[in-house]
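Here is protein21.cif, consisting of mmCIF, N, CA and C atoms:
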```cif
data_final
#
loop_
_atom_site.label_atom_id
_atom_site.label_comp_id
_atom_site.auth_asym_id
_atom_site.auth_seq_id
_atom_site.Cartn_x
_atom_site.Cartn_y
_atom_site.Cartn_z
N MET A 1 129.69 101.12 99.13
CA MET A 1 128.75 101.57 98.12
C MET A 1 128.80 103.10 98.03
N PRO A 2 129.01 103.64 96.83
CA PRO A 2 129.08 105.10 96.70
C PRO A 2 127.71 105.74 96.91
N ARG A 3 127.75 106.90 97.55
CA ARG A 3 126.50 107.62 97.79
C ARG A 3 126.05 108.31 96.52
N LYS A 4 124.73 108.39 96.37
CA LYS A 4 124.19 109.11 95.23
C LYS A 4 124.37 110.60 95.46
N LYS A 5 124.67 111.31 94.39
CA LYS A 5 124.81 112.75 94.47
C LYS A 5 123.42 113.36 94.63
N LYS A 6 123.26 114.20 95.64
CA LYS A 6 121.95 114.82 95.89
C LYS A 6 121.76 115.99 94.94
N ILE A 7 120.66 115.95 94.20
CA ILE A 7 120.34 117.02 93.27
C ILE A 7 119.26 117.88 93.92
N ASN A 8 119.52 119.18 93.96
CA ASN A 8 118.55 120.09 94.56
C ASN A 8 117.40 120.36 93.60
N TYR A 9 116.20 120.32 94.14
CA TYR A 9 115.01 120.61 93.35
C TYR A 9 113.95 121.23 94.25
N THR A 10 112.95 121.83 93.61
CA THR A 10 111.81 122.38 94.32
C THR A 10 110.62 121.47 94.04
N TYR A 11 109.92 121.10 95.10
CA TYR A 11 108.83 120.12 95.00
C TYR A 11 107.48 120.81 95.20
N ALA A 12 106.51 120.43 94.39
CA ALA A 12 105.15 120.97 94.55
C ALA A 12 104.14 119.94 94.05
N ILE A 13 102.91 120.08 94.52
CA ILE A 13 101.82 119.19 94.12
C ILE A 13 100.73 120.02 93.47
N GLY A 14 100.21 119.51 92.35
CA GLY A 14 99.08 120.15 91.69
C GLY A 14 97.95 119.15 91.54
N ARG A 15 96.72 119.62 91.73
CA ARG A 15 95.57 118.72 91.60
C ARG A 15 94.49 119.38 90.76
N ARG A 16 93.73 118.52 90.05
CA ARG A 16 92.59 118.98 89.25
C ARG A 16 91.65 117.80 89.08
N LYS A 17 90.36 117.98 89.42
CA LYS A 17 89.38 116.89 89.40
C LYS A 17 89.93 115.72 90.22
N THR A 18 90.20 114.57 89.62
CA THR A 18 90.76 113.46 90.38
C THR A 18 92.22 113.23 90.05
N ALA A 19 92.82 114.09 89.25
CA ALA A 19 94.22 113.95 88.88
C ALA A 19 95.12 114.64 89.91
N SER A 20 96.27 114.02 90.16
CA SER A 20 97.23 114.57 91.10
C SER A 20 98.62 114.49 90.48
N ALA A 21 99.34 115.61 90.47
CA ALA A 21 100.67 115.66 89.86
C ALA A 21 101.70 116.06 90.91
N ARG A 22 102.77 115.27 91.01
CA ARG A 22 103.90 115.59 91.89
C ARG A 22 105.03 116.10 91.01
N VAL A 23 105.41 117.35 91.23
CA VAL A 23 106.34 118.04 90.33
C VAL A 23 107.66 118.32 91.04
N ARG A 24 108.76 118.03 90.35
CA ARG A 24 110.10 118.41 90.80
C ARG A 24 110.67 119.39 89.79
N LEU A 25 111.04 120.57 90.26
CA LEU A 25 111.57 121.62 89.40
C LEU A 25 113.08 121.73 89.64
N PHE A 26 113.86 121.55 88.57
CA PHE A 26 115.31 121.61 88.64
C PHE A 26 115.83 122.83 87.90
N LYS A 27 116.95 123.38 88.39
CA LYS A 27 117.62 124.46 87.66
C LYS A 27 118.50 123.85 86.59
N GLY A 28 118.69 124.59 85.49
CA GLY A 28 119.56 124.13 84.42
C GLY A 28 118.79 123.64 83.21
N LYS A 29 119.56 123.12 82.24
CA LYS A 29 118.93 122.58 81.04
C LYS A 29 118.71 121.09 81.22
N GLY A 30 117.58 120.63 80.76
CA GLY A 30 117.26 119.22 80.84
C GLY A 30 115.96 118.94 80.11
N GLU A 31 115.57 117.67 80.11
CA GLU A 31 114.35 117.28 79.42
C GLU A 31 113.19 117.24 80.40
N ASN A 32 112.06 117.81 79.99
CA ASN A 32 110.85 117.76 80.79
C ASN A 32 110.21 116.39 80.63
N ILE A 33 110.02 115.69 81.76
CA ILE A 33 109.55 114.31 81.72
C ILE A 33 108.29 114.15 82.57
N VAL A 34 107.30 113.43 82.01
CA VAL A 34 106.07 113.09 82.73
C VAL A 34 105.91 111.57 82.69
N ASN A 35 105.85 110.95 83.87
CA ASN A 35 105.69 109.49 83.99
C ASN A 35 106.69 108.73 83.12
N GLY A 36 107.93 109.18 83.08
CA GLY A 36 108.98 108.49 82.34
C GLY A 36 109.01 108.77 80.85
N GLN A 37 108.10 109.59 80.35
CA GLN A 37 108.07 109.93 78.92
C GLN A 37 108.34 111.42 78.75
N PRO A 38 108.88 111.81 77.59
CA PRO A 38 109.02 113.25 77.33
C PRO A 38 107.64 113.91 77.35
N ILE A 39 107.58 115.12 77.88
CA ILE A 39 106.29 115.80 78.07
C ILE A 39 105.60 116.05 76.73
N GLU A 40 106.39 116.25 75.66
CA GLU A 40 105.80 116.48 74.33
C GLU A 40 105.06 115.24 73.83
N LYS A 41 105.55 114.06 74.24
CA LYS A 41 104.91 112.81 73.83
C LYS A 41 103.69 112.51 74.71
N TYR A 42 103.81 112.77 76.01
CA TYR A 42 102.71 112.47 76.94
C TYR A 42 101.52 113.40 76.70
N PHE A 43 101.80 114.69 76.56
CA PHE A 43 100.76 115.68 76.24
C PHE A 43 100.97 116.15 74.81
N SER A 44 100.65 115.29 73.84
CA SER A 44 100.89 115.65 72.44
C SER A 44 99.82 116.62 71.96
N GLY A 45 100.15 117.35 70.93
CA GLY A 45 99.20 118.32 70.36
C GLY A 45 99.58 119.74 70.73
N SER A 46 99.21 120.66 69.85
CA SER A 46 99.60 122.06 70.04
C SER A 46 98.84 122.72 71.18
N VAL A 47 97.57 122.34 71.38
CA VAL A 47 96.78 122.93 72.46
C VAL A 47 97.38 122.55 73.82
N ASN A 48 97.76 121.29 73.97
CA ASN A 48 98.38 120.83 75.21
C ASN A 48 99.73 121.49 75.43
N LYS A 49 100.49 121.70 74.34
CA LYS A 49 101.80 122.33 74.47
C LYS A 49 101.67 123.76 74.99
N VAL A 50 100.66 124.47 74.50
CA VAL A 50 100.41 125.83 74.99
C VAL A 50 100.13 125.78 76.49
N GLY A 51 99.41 124.75 76.93
CA GLY A 51 99.06 124.62 78.34
C GLY A 51 100.26 124.43 79.24
N TRP A 52 101.09 123.42 78.96
CA TRP A 52 102.19 123.15 79.89
C TRP A 52 103.36 124.11 79.75
N THR A 53 103.47 124.85 78.64
CA THR A 53 104.55 125.83 78.52
C THR A 53 104.18 127.18 79.13
N LYS A 54 102.91 127.37 79.45
CA LYS A 54 102.45 128.67 79.97
C LYS A 54 103.21 129.13 81.22
N PRO A 55 103.39 128.28 82.25
CA PRO A 55 104.16 128.75 83.42
C PRO A 55 105.60 129.12 83.07
N PHE A 56 106.23 128.35 82.18
CA PHE A 56 107.61 128.64 81.78
C PHE A 56 107.72 129.98 81.07
N LYS A 57 106.79 130.23 80.15
CA LYS A 57 106.81 131.49 79.40
C LYS A 57 106.48 132.68 80.30
N THR A 58 105.59 132.48 81.26
CA THR A 58 105.19 133.56 82.16
C THR A 58 106.38 134.08 82.97
N VAL A 59 107.22 133.16 83.45
CA VAL A 59 108.37 133.57 84.26
C VAL A 59 109.66 133.64 83.44
N ASP A 60 109.54 133.48 82.12
CA ASP A 60 110.67 133.54 81.19
C ASP A 60 111.79 132.58 81.62
N ALA A 61 111.45 131.29 81.71
CA ALA A 61 112.40 130.30 82.20
C ALA A 61 112.40 129.03 81.36
N ILE A 62 112.20 129.16 80.06
CA ILE A 62 112.07 127.96 79.21
C ILE A 62 113.36 127.13 79.20
N ASP A 63 114.52 127.76 79.07
CA ASP A 63 115.78 127.01 79.04
C ASP A 63 116.55 127.06 80.36
N LYS A 64 115.96 127.68 81.37
CA LYS A 64 116.66 127.83 82.65
C LYS A 64 116.24 126.78 83.67
N TYR A 65 115.08 126.17 83.48
CA TYR A 65 114.54 125.17 84.40
C TYR A 65 113.97 124.00 83.61
N TYR A 66 113.90 122.84 84.27
CA TYR A 66 113.20 121.69 83.70
C TYR A 66 112.50 120.93 84.82
N VAL A 67 111.53 120.09 84.45
CA VAL A 67 110.72 119.40 85.45
C VAL A 67 110.67 117.90 85.20
N THR A 68 110.49 117.16 86.28
CA THR A 68 110.08 115.76 86.19
C THR A 68 108.77 115.65 86.97
N VAL A 69 107.81 114.96 86.39
CA VAL A 69 106.46 114.91 86.96
C VAL A 69 105.98 113.48 87.04
N LYS A 70 105.32 113.15 88.16
CA LYS A 70 104.59 111.90 88.26
C LYS A 70 103.13 112.29 88.44
N VAL A 71 102.29 111.87 87.49
CA VAL A 71 100.88 112.25 87.53
C VAL A 71 100.03 110.99 87.47
N GLU A 72 98.95 111.00 88.25
CA GLU A 72 98.06 109.83 88.28
C GLU A 72 96.62 110.28 88.48
N GLY A 73 95.70 109.43 88.03
CA GLY A 73 94.28 109.69 88.18
C GLY A 73 93.74 110.62 87.11
N GLY A 74 92.43 110.58 86.93
CA GLY A 74 91.77 111.49 86.00
C GLY A 74 92.06 111.20 84.54
N GLY A 75 91.62 112.10 83.69
CA GLY A 75 91.86 111.99 82.26
C GLY A 75 92.98 112.92 81.84
N LEU A 76 93.18 113.02 80.53
CA LEU A 76 94.31 113.79 80.02
C LEU A 76 94.19 115.28 80.34
N ASN A 77 93.00 115.86 80.19
CA ASN A 77 92.83 117.29 80.48
C ASN A 77 93.00 117.60 81.96
N GLY A 78 92.45 116.76 82.82
CA GLY A 78 92.63 116.94 84.25
C GLY A 78 94.09 116.82 84.65
N GLN A 79 94.78 115.85 84.04
CA GLN A 79 96.20 115.67 84.33
C GLN A 79 97.01 116.87 83.87
N LEU A 80 96.68 117.39 82.68
CA LEU A 80 97.40 118.56 82.17
C LEU A 80 97.22 119.75 83.10
N ASP A 81 95.99 120.00 83.55
CA ASP A 81 95.75 121.12 84.46
C ASP A 81 96.46 120.91 85.80
N ALA A 82 96.52 119.67 86.27
CA ALA A 82 97.23 119.37 87.51
C ALA A 82 98.73 119.64 87.36
N VAL A 83 99.29 119.26 86.22
CA VAL A 83 100.71 119.49 85.95
C VAL A 83 101.01 120.99 85.89
N VAL A 84 100.15 121.75 85.21
CA VAL A 84 100.35 123.20 85.09
C VAL A 84 100.32 123.85 86.47
N LEU A 85 99.37 123.45 87.32
CA LEU A 85 99.28 124.01 88.67
C LEU A 85 100.52 123.63 89.49
N GLY A 86 100.97 122.38 89.35
CA GLY A 86 102.15 121.94 90.08
C GLY A 86 103.41 122.69 89.66
N ILE A 87 103.59 122.89 88.36
CA ILE A 87 104.75 123.64 87.86
C ILE A 87 104.69 125.08 88.36
N SER A 88 103.52 125.68 88.30
CA SER A 88 103.36 127.07 88.76
C SER A 88 103.67 127.21 90.25
N ARG A 89 103.19 126.26 91.04
CA ARG A 89 103.46 126.30 92.48
C ARG A 89 104.95 126.11 92.77
N ALA A 90 105.60 125.25 91.99
CA ALA A 90 107.04 125.04 92.17
C ALA A 90 107.82 126.31 91.85
N PHE A 91 107.44 127.00 90.77
CA PHE A 91 108.09 128.27 90.44
C PHE A 91 107.87 129.30 91.55
N ALA A 92 106.66 129.35 92.10
CA ALA A 92 106.36 130.31 93.17
C ALA A 92 107.19 130.01 94.42
N LYS A 93 107.44 128.72 94.69
CA LYS A 93 108.29 128.34 95.82
C LYS A 93 109.75 128.67 95.56
N GLU A 94 110.17 128.46 94.32
CA GLU A 94 111.58 128.66 93.94
C GLU A 94 112.02 130.11 94.17
N ASN A 95 111.25 131.06 93.67
CA ASN A 95 111.61 132.47 93.83
C ASN A 95 110.32 133.26 94.03
N ARG A 96 109.90 133.37 95.26
CA ARG A 96 108.60 133.96 95.59
C ARG A 96 108.46 135.40 95.11
N GLU A 97 109.48 136.22 95.34
CA GLU A 97 109.39 137.65 94.99
C GLU A 97 109.28 137.86 93.49
N LYS A 98 110.03 137.09 92.73
CA LYS A 98 110.12 137.31 91.29
C LYS A 98 108.98 136.63 90.51
N PHE A 99 108.62 135.40 90.89
CA PHE A 99 107.71 134.59 90.07
C PHE A 99 106.25 134.65 90.50
N ARG A 100 105.98 134.90 91.76
CA ARG A 100 104.61 134.76 92.27
C ARG A 100 103.61 135.73 91.63
N VAL A 101 103.99 137.00 91.50
CA VAL A 101 103.06 138.03 90.99
C VAL A 101 102.62 137.75 89.55
N PRO A 102 103.54 137.48 88.60
CA PRO A 102 103.06 137.20 87.24
C PRO A 102 102.22 135.92 87.13
N LEU A 103 102.58 134.90 87.91
CA LEU A 103 101.80 133.65 87.88
C LEU A 103 100.41 133.87 88.47
N LYS A 104 100.34 134.63 89.56
CA LYS A 104 99.06 134.90 90.21
C LYS A 104 98.16 135.74 89.31
N SER A 105 98.74 136.70 88.58
CA SER A 105 97.93 137.58 87.73
C SER A 105 97.29 136.81 86.58
N LEU A 106 97.93 135.74 86.12
CA LEU A 106 97.34 134.91 85.06
C LEU A 106 96.45 133.79 85.62
N GLY A 107 96.35 133.70 86.94
CA GLY A 107 95.49 132.69 87.56
C GLY A 107 96.09 131.30 87.57
N LEU A 108 97.40 131.20 87.44
CA LEU A 108 98.04 129.88 87.37
C LEU A 108 98.29 129.27 88.75
N LEU A 109 98.11 130.05 89.81
CA LEU A 109 98.31 129.52 91.15
C LEU A 109 97.00 129.17 91.85
N THR A 110 95.89 129.27 91.12
CA THR A 110 94.58 129.02 91.70
C THR A 110 94.13 127.59 91.42
N ARG A 111 93.79 126.87 92.48
CA ARG A 111 93.28 125.50 92.35
C ARG A 111 91.84 125.56 91.89
N ASP A 112 91.51 124.86 90.82
CA ASP A 112 90.14 124.81 90.30
C ASP A 112 89.33 123.83 91.17
N PRO A 113 88.34 124.31 91.92
CA PRO A 113 87.65 123.44 92.88
C PRO A 113 86.58 122.54 92.27
N ARG A 114 86.30 122.70 90.98
CA ARG A 114 85.20 121.94 90.38
C ARG A 114 85.56 120.46 90.25
N ILE A 115 84.74 119.62 90.86
CA ILE A 115 84.91 118.17 90.75
C ILE A 115 83.58 117.54 90.38
N ARG A 116 83.62 116.27 90.02
CA ARG A 116 82.43 115.57 89.60
C ARG A 116 81.41 115.51 90.74
N GLU A 117 80.16 115.81 90.40
CA GLU A 117 79.09 115.77 91.40
C GLU A 117 78.66 114.32 91.62
N ARG A 118 78.43 113.98 92.87
CA ARG A 118 78.09 112.59 93.17
C ARG A 118 76.69 112.25 92.67
N ARG A 119 76.51 110.96 92.38
CA ARG A 119 75.22 110.48 91.91
C ARG A 119 74.27 110.33 93.10
N LYS A 120 73.04 110.83 92.95
CA LYS A 120 72.06 110.74 94.04
C LYS A 120 71.10 109.57 93.82
N VAL A 121 70.53 109.12 94.91
CA VAL A 121 69.59 108.01 94.87
C VAL A 121 68.29 108.47 94.22
N GLY A 122 67.73 107.61 93.38
CA GLY A 122 66.42 107.88 92.78
C GLY A 122 66.45 108.85 91.62
N THR A 123 67.61 109.03 91.01
CA THR A 123 67.68 109.98 89.89
C THR A 123 67.88 109.27 88.56
N GLY A 124 67.83 107.97 88.55
CA GLY A 124 67.96 107.25 87.29
C GLY A 124 69.37 107.24 86.74
N GLY A 125 70.36 107.19 87.61
CA GLY A 125 71.73 107.02 87.17
C GLY A 125 72.52 108.29 86.95
N LYS A 126 71.93 109.46 87.12
CA LYS A 126 72.65 110.72 86.91
C LYS A 126 72.62 111.56 88.18
N ALA A 127 73.44 112.60 88.21
CA ALA A 127 73.54 113.43 89.41
C ALA A 127 72.32 114.32 89.60
N ARG A 128 71.82 114.93 88.54
CA ARG A 128 70.73 115.89 88.68
C ARG A 128 69.44 115.49 87.96
N ARG A 129 69.51 114.47 87.14
CA ARG A 129 68.33 114.06 86.38
C ARG A 129 67.26 113.52 87.33
N LYS A 130 66.02 113.91 87.09
CA LYS A 130 64.91 113.38 87.87
C LYS A 130 64.23 112.28 87.07
N LYS A 131 63.74 111.29 87.77
CA LYS A 131 63.00 110.23 87.09
C LYS A 131 61.70 110.80 86.54
N GLN A 132 61.30 110.32 85.39
CA GLN A 132 60.03 110.77 84.80
C GLN A 132 58.89 110.25 85.66
N SER A 133 57.96 111.15 85.99
CA SER A 133 56.84 110.70 86.81
C SER A 133 55.60 110.55 85.92
N PRO A 134 54.79 109.51 86.18
CA PRO A 134 53.57 109.34 85.38
C PRO A 134 52.55 110.43 85.72
N LYS A 135 51.84 110.90 84.70
CA LYS A 135 50.87 111.98 84.92
C LYS A 135 49.67 111.48 85.75
N ARG A 136 49.22 110.26 85.45
CA ARG A 136 48.05 109.74 86.16
C ARG A 136 48.35 108.39 86.79
#
```

Before anything else, please render the file you have as structure tokens.
Amino acid sequence: MPRKKKINYTYAIGRRKTASARVRLFKGKGENIVNGQPIEKYFSGSVNKVGWTKPFKTVDAIDKYYVTVKVEGGGLNGQLDAVVLGISRAFAKENREKFRVPLKSLGLLTRDPRIRERRKVGTGGKARRKKQSPKR
């Protein structure tokens, strides 16, 4: 059985809310893929396109690198932010001296710690809502 040719890539993980993205960054020209679909189809719309292209434009690597991503959990916005963080971290790993400073200055290497607040007992189904109390 012939051995598979090993392709070199840089691996990084990005997370946001409950979404988690595993990113592989490859050198060369190729198609950006998320969960087996082209990234333009998975994250359709101009606002989303601005989001996922931001790390590429920051390091001026639109046609020099491509990514494959597996993302799970959360909603579309959480997944998009997780993918952006994963791509940024992969670029920072790929060439620390060249890529880290511009990515850091735009805040693309910072993990957003905000997550859903847990529901508390006796609040009527919400995290912070208090039950209405009778006056008398």

- Message: Can you pull out the residues contacting range 54-58 of chain A? Cut-off 8 Å, using only N, CA and C atoms, and skip same-chain residues under 5 positions away; I want them as a PyMOL selection string.
- Response: chain A and resi 48-49+63+84+87-88+91+99+102-103+108

Could you save those same residues with N, CA and C atoms as an mmCIF file, in the frame of the given file?
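Output contents, as saved in result-v8.cif:
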```cif
data_model
loop_
_atom_site.group_PDB
_atom_site.id
_atom_site.type_symbol
_atom_site.label_atom_id
_atom_site.label_comp_id
_atom_site.auth_asym_id
_atom_site.auth_seq_id
_atom_site.Cartn_x
_atom_site.Cartn_y
_atom_site.Cartn_z
ATOM 1 N N ASN A 48 97.760 121.290 73.970
ATOM 2 C CA ASN A 48 98.380 120.830 75.210
ATOM 3 C C ASN A 48 99.730 121.490 75.430
ATOM 4 N N LYS A 49 100.490 121.700 74.340
ATOM 5 C CA LYS A 49 101.800 122.330 74.470
ATOM 6 C C LYS A 49 101.670 123.760 74.990
ATOM 7 N N ASP A 63 114.520 127.760 79.070
ATOM 8 C CA ASP A 63 115.780 127.010 79.040
ATOM 9 C C ASP A 63 116.550 127.060 80.360
ATOM 10 N N VAL A 84 100.150 121.750 85.210
ATOM 11 C CA VAL A 84 100.350 123.200 85.090
ATOM 12 C C VAL A 84 100.320 123.850 86.470
ATOM 13 N N ILE A 87 103.590 122.890 88.360
ATOM 14 C CA ILE A 87 104.750 123.640 87.860
ATOM 15 C C ILE A 87 104.690 125.080 88.360
ATOM 16 N N SER A 88 103.520 125.680 88.300
ATOM 17 C CA SER A 88 103.360 127.070 88.760
ATOM 18 C C SER A 88 103.670 127.210 90.250
ATOM 19 N N PHE A 91 107.440 127.000 90.770
ATOM 20 C CA PHE A 91 108.090 128.270 90.440
ATOM 21 C C PHE A 91 107.870 129.300 91.550
ATOM 22 N N PHE A 99 108.620 135.400 90.890
ATOM 23 C CA PHE A 99 107.710 134.590 90.070
ATOM 24 C C PHE A 99 106.250 134.650 90.500
ATOM 25 N N PRO A 102 103.540 137.480 88.600
ATOM 26 C CA PRO A 102 103.060 137.200 87.240
ATOM 27 C C PRO A 102 102.220 135.920 87.130
ATOM 28 N N LEU A 103 102.580 134.900 87.910
ATOM 29 C CA LEU A 103 101.800 133.650 87.880
ATOM 30 C C LEU A 103 100.410 133.870 88.470
ATOM 31 N N LEU A 108 97.400 131.200 87.440
ATOM 32 C CA LEU A 108 98.040 129.880 87.370
ATOM 33 C C LEU A 108 98.290 129.270 88.750
#
```

- Query: Which residue, A:Glu97, A:Glu40, A:Asp81, A:Glu117, has the smallest gap to Ile13 in chain A when you use only C-alpha atoms?
  - Reply: A:Asp81

- So which residues get picked by the PyMOL selection byres (((chain A and resi 33-39 and name CA) around 9) and name CA) here, written as a PyMOL selection string? chain A and resi 31-32+40-44+49+52+66-72+83

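Here CA of Gly74 in chain A and CA of Gly14 in chain A stand 12.7 Å from one another.
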
- Message: From a backbone DSSP assignment, name each residue in range 1-126 of chain A labelled strand (DSSP E or B), as a PyMOL selection string.
- Response: chain A and resi 10-16+19-27+33-34+37-38+65-72

When DSSP works through the backbone of this structure, what residues of chain A end up as alpha helix (DSSP H), shown as a short mmCIF file (atom, residue, chain, number, x, y, z; two decimals) with N, CA and C atoms, in the frame of the given file?
```cif
data_model
loop_
_atom_site.label_atom_id
_atom_site.label_comp_id
_atom_site.auth_asym_id
_atom_site.auth_seq_id
_atom_site.Cartn_x
_atom_site.Cartn_y
_atom_site.Cartn_z
N ILE A 39 107.58 115.12 77.88
CA ILE A 39 106.29 115.80 78.07
C ILE A 39 105.60 116.05 76.73
N GLU A 40 106.39 116.25 75.66
CA GLU A 40 105.80 116.48 74.33
C GLU A 40 105.06 115.24 73.83
N LYS A 41 105.55 114.06 74.24
CA LYS A 41 104.91 112.81 73.83
C LYS A 41 103.69 112.51 74.71
N TYR A 42 103.81 112.77 76.01
CA TYR A 42 102.71 112.47 76.94
C TYR A 42 101.52 113.40 76.70
N SER A 46 99.21 120.66 69.85
CA SER A 46 99.60 122.06 70.04
C SER A 46 98.84 122.72 71.18
N VAL A 47 97.57 122.34 71.38
CA VAL A 47 96.78 122.93 72.46
C VAL A 47 97.38 122.55 73.82
N ASN A 48 97.76 121.29 73.97
CA ASN A 48 98.38 120.83 75.21
C ASN A 48 99.73 121.49 75.43
N LYS A 49 100.49 121.70 74.34
CA LYS A 49 101.80 122.33 74.47
C LYS A 49 101.67 123.76 74.99
N VAL A 50 100.66 124.47 74.50
CA VAL A 50 100.41 125.83 74.99
C VAL A 50 100.13 125.78 76.49
N GLY A 51 99.41 124.75 76.93
CA GLY A 51 99.06 124.62 78.34
C GLY A 51 100.26 124.43 79.24
N TRP A 52 101.09 123.42 78.96
CA TRP A 52 102.19 123.15 79.89
C TRP A 52 103.36 124.11 79.75
N THR A 53 103.47 124.85 78.64
CA THR A 53 104.55 125.83 78.52
C THR A 53 104.18 127.18 79.13
N LYS A 54 102.91 127.37 79.45
CA LYS A 54 102.45 128.67 79.97
C LYS A 54 103.21 129.13 81.22
N PRO A 55 103.39 128.28 82.25
CA PRO A 55 104.16 128.75 83.42
C PRO A 55 105.60 129.12 83.07
N PHE A 56 106.23 128.35 82.18
CA PHE A 56 107.61 128.64 81.78
C PHE A 56 107.72 129.98 81.07
N LYS A 57 106.79 130.23 80.15
CA LYS A 57 106.81 131.49 79.40
C LYS A 57 106.48 132.68 80.30
N THR A 58 105.59 132.48 81.26
CA THR A 58 105.19 133.56 82.16
C THR A 58 106.38 134.08 82.97
N LEU A 76 93.18 113.02 80.53
CA LEU A 76 94.31 113.79 80.02
C LEU A 76 94.19 115.28 80.34
N ASN A 77 93.00 115.86 80.19
CA ASN A 77 92.83 117.29 80.48
C ASN A 77 93.00 117.60 81.96
N GLY A 78 92.45 116.76 82.82
CA GLY A 78 92.63 116.94 84.25
C GLY A 78 94.09 116.82 84.65
N GLN A 79 94.78 115.85 84.04
CA GLN A 79 96.20 115.67 84.33
C GLN A 79 97.01 116.87 83.87
N LEU A 80 96.68 117.39 82.68
CA LEU A 80 97.40 118.56 82.17
C LEU A 80 97.22 119.75 83.10
N ASP A 81 95.99 120.00 83.55
CA ASP A 81 95.75 121.12 84.46
C ASP A 81 96.46 120.91 85.80
N ALA A 82 96.52 119.67 86.27
CA ALA A 82 97.23 119.37 87.51
C ALA A 82 98.73 119.64 87.36
N VAL A 83 99.29 119.26 86.22
CA VAL A 83 100.71 119.49 85.95
C VAL A 83 101.01 120.99 85.89
N VAL A 84 100.15 121.75 85.21
CA VAL A 84 100.35 123.20 85.09
C VAL A 84 100.32 123.85 86.47
N LEU A 85 99.37 123.45 87.32
CA LEU A 85 99.28 124.01 88.67
C LEU A 85 100.52 123.63 89.49
N GLY A 86 100.97 122.38 89.35
CA GLY A 86 102.15 121.94 90.08
C GLY A 86 103.41 122.69 89.66
N ILE A 87 103.59 122.89 88.36
CA ILE A 87 104.75 123.64 87.86
C ILE A 87 104.69 125.08 88.36
N SER A 88 103.52 125.68 88.30
CA SER A 88 103.36 127.07 88.76
C SER A 88 103.67 127.21 90.25
N ARG A 89 103.19 126.26 91.04
CA ARG A 89 103.46 126.30 92.48
C ARG A 89 104.95 126.11 92.77
N ALA A 90 105.60 125.25 91.99
CA ALA A 90 107.04 125.04 92.17
C ALA A 90 107.82 126.31 91.85
N PHE A 91 107.44 127.00 90.77
CA PHE A 91 108.09 128.27 90.44
C PHE A 91 107.87 129.30 91.55
N ALA A 92 106.66 129.35 92.10
CA ALA A 92 106.36 130.31 93.17
C ALA A 92 107.19 130.01 94.42
N LYS A 93 107.44 128.72 94.69
CA LYS A 93 108.29 128.34 95.82
C LYS A 93 109.75 128.67 95.56
N GLU A 94 110.17 128.46 94.32
CA GLU A 94 111.58 128.66 93.94
C GLU A 94 112.02 130.11 94.17
N ARG A 96 109.90 133.37 95.26
CA ARG A 96 108.60 133.96 95.59
C ARG A 96 108.46 135.40 95.11
N GLU A 97 109.48 136.22 95.34
CA GLU A 97 109.39 137.65 94.99
C GLU A 97 109.28 137.86 93.49
N LYS A 98 110.03 137.09 92.73
CA LYS A 98 110.12 137.31 91.29
C LYS A 98 108.98 136.63 90.51
N PHE A 99 108.62 135.40 90.89
CA PHE A 99 107.71 134.59 90.07
C PHE A 99 106.25 134.65 90.50
N ARG A 100 105.98 134.90 91.76
CA ARG A 100 104.61 134.76 92.27
C ARG A 100 103.61 135.73 91.63
N VAL A 101 103.99 137.00 91.50
CA VAL A 101 103.06 138.03 90.99
C VAL A 101 102.62 137.75 89.55
N PRO A 102 103.54 137.48 88.60
CA PRO A 102 103.06 137.20 87.24
C PRO A 102 102.22 135.92 87.13
N LEU A 103 102.58 134.90 87.91
CA LEU A 103 101.80 133.65 87.88
C LEU A 103 100.41 133.87 88.47
N LYS A 104 100.34 134.63 89.56
CA LYS A 104 99.06 134.90 90.21
C LYS A 104 98.16 135.74 89.31
N SER A 105 98.74 136.70 88.58
CA SER A 105 97.93 137.58 87.73
C SER A 105 97.29 136.81 86.58
#
```

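For Thr10 in chain A, the non-local neighbours within 8 Å, defined as residues at least 6 positions apart in the same chain or in other chains and counting only C-alpha atoms, are Arg24, Leu25, Phe26, Ala90, Phe91, Lys93 and Glu94 of chain A.
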
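Counting all atoms listed in the file, the residue from A:Lys130, A:Lys135, A:Arg111, A:Arg89 that sits nearest to Tyr11 in chain A is A:Arg89.
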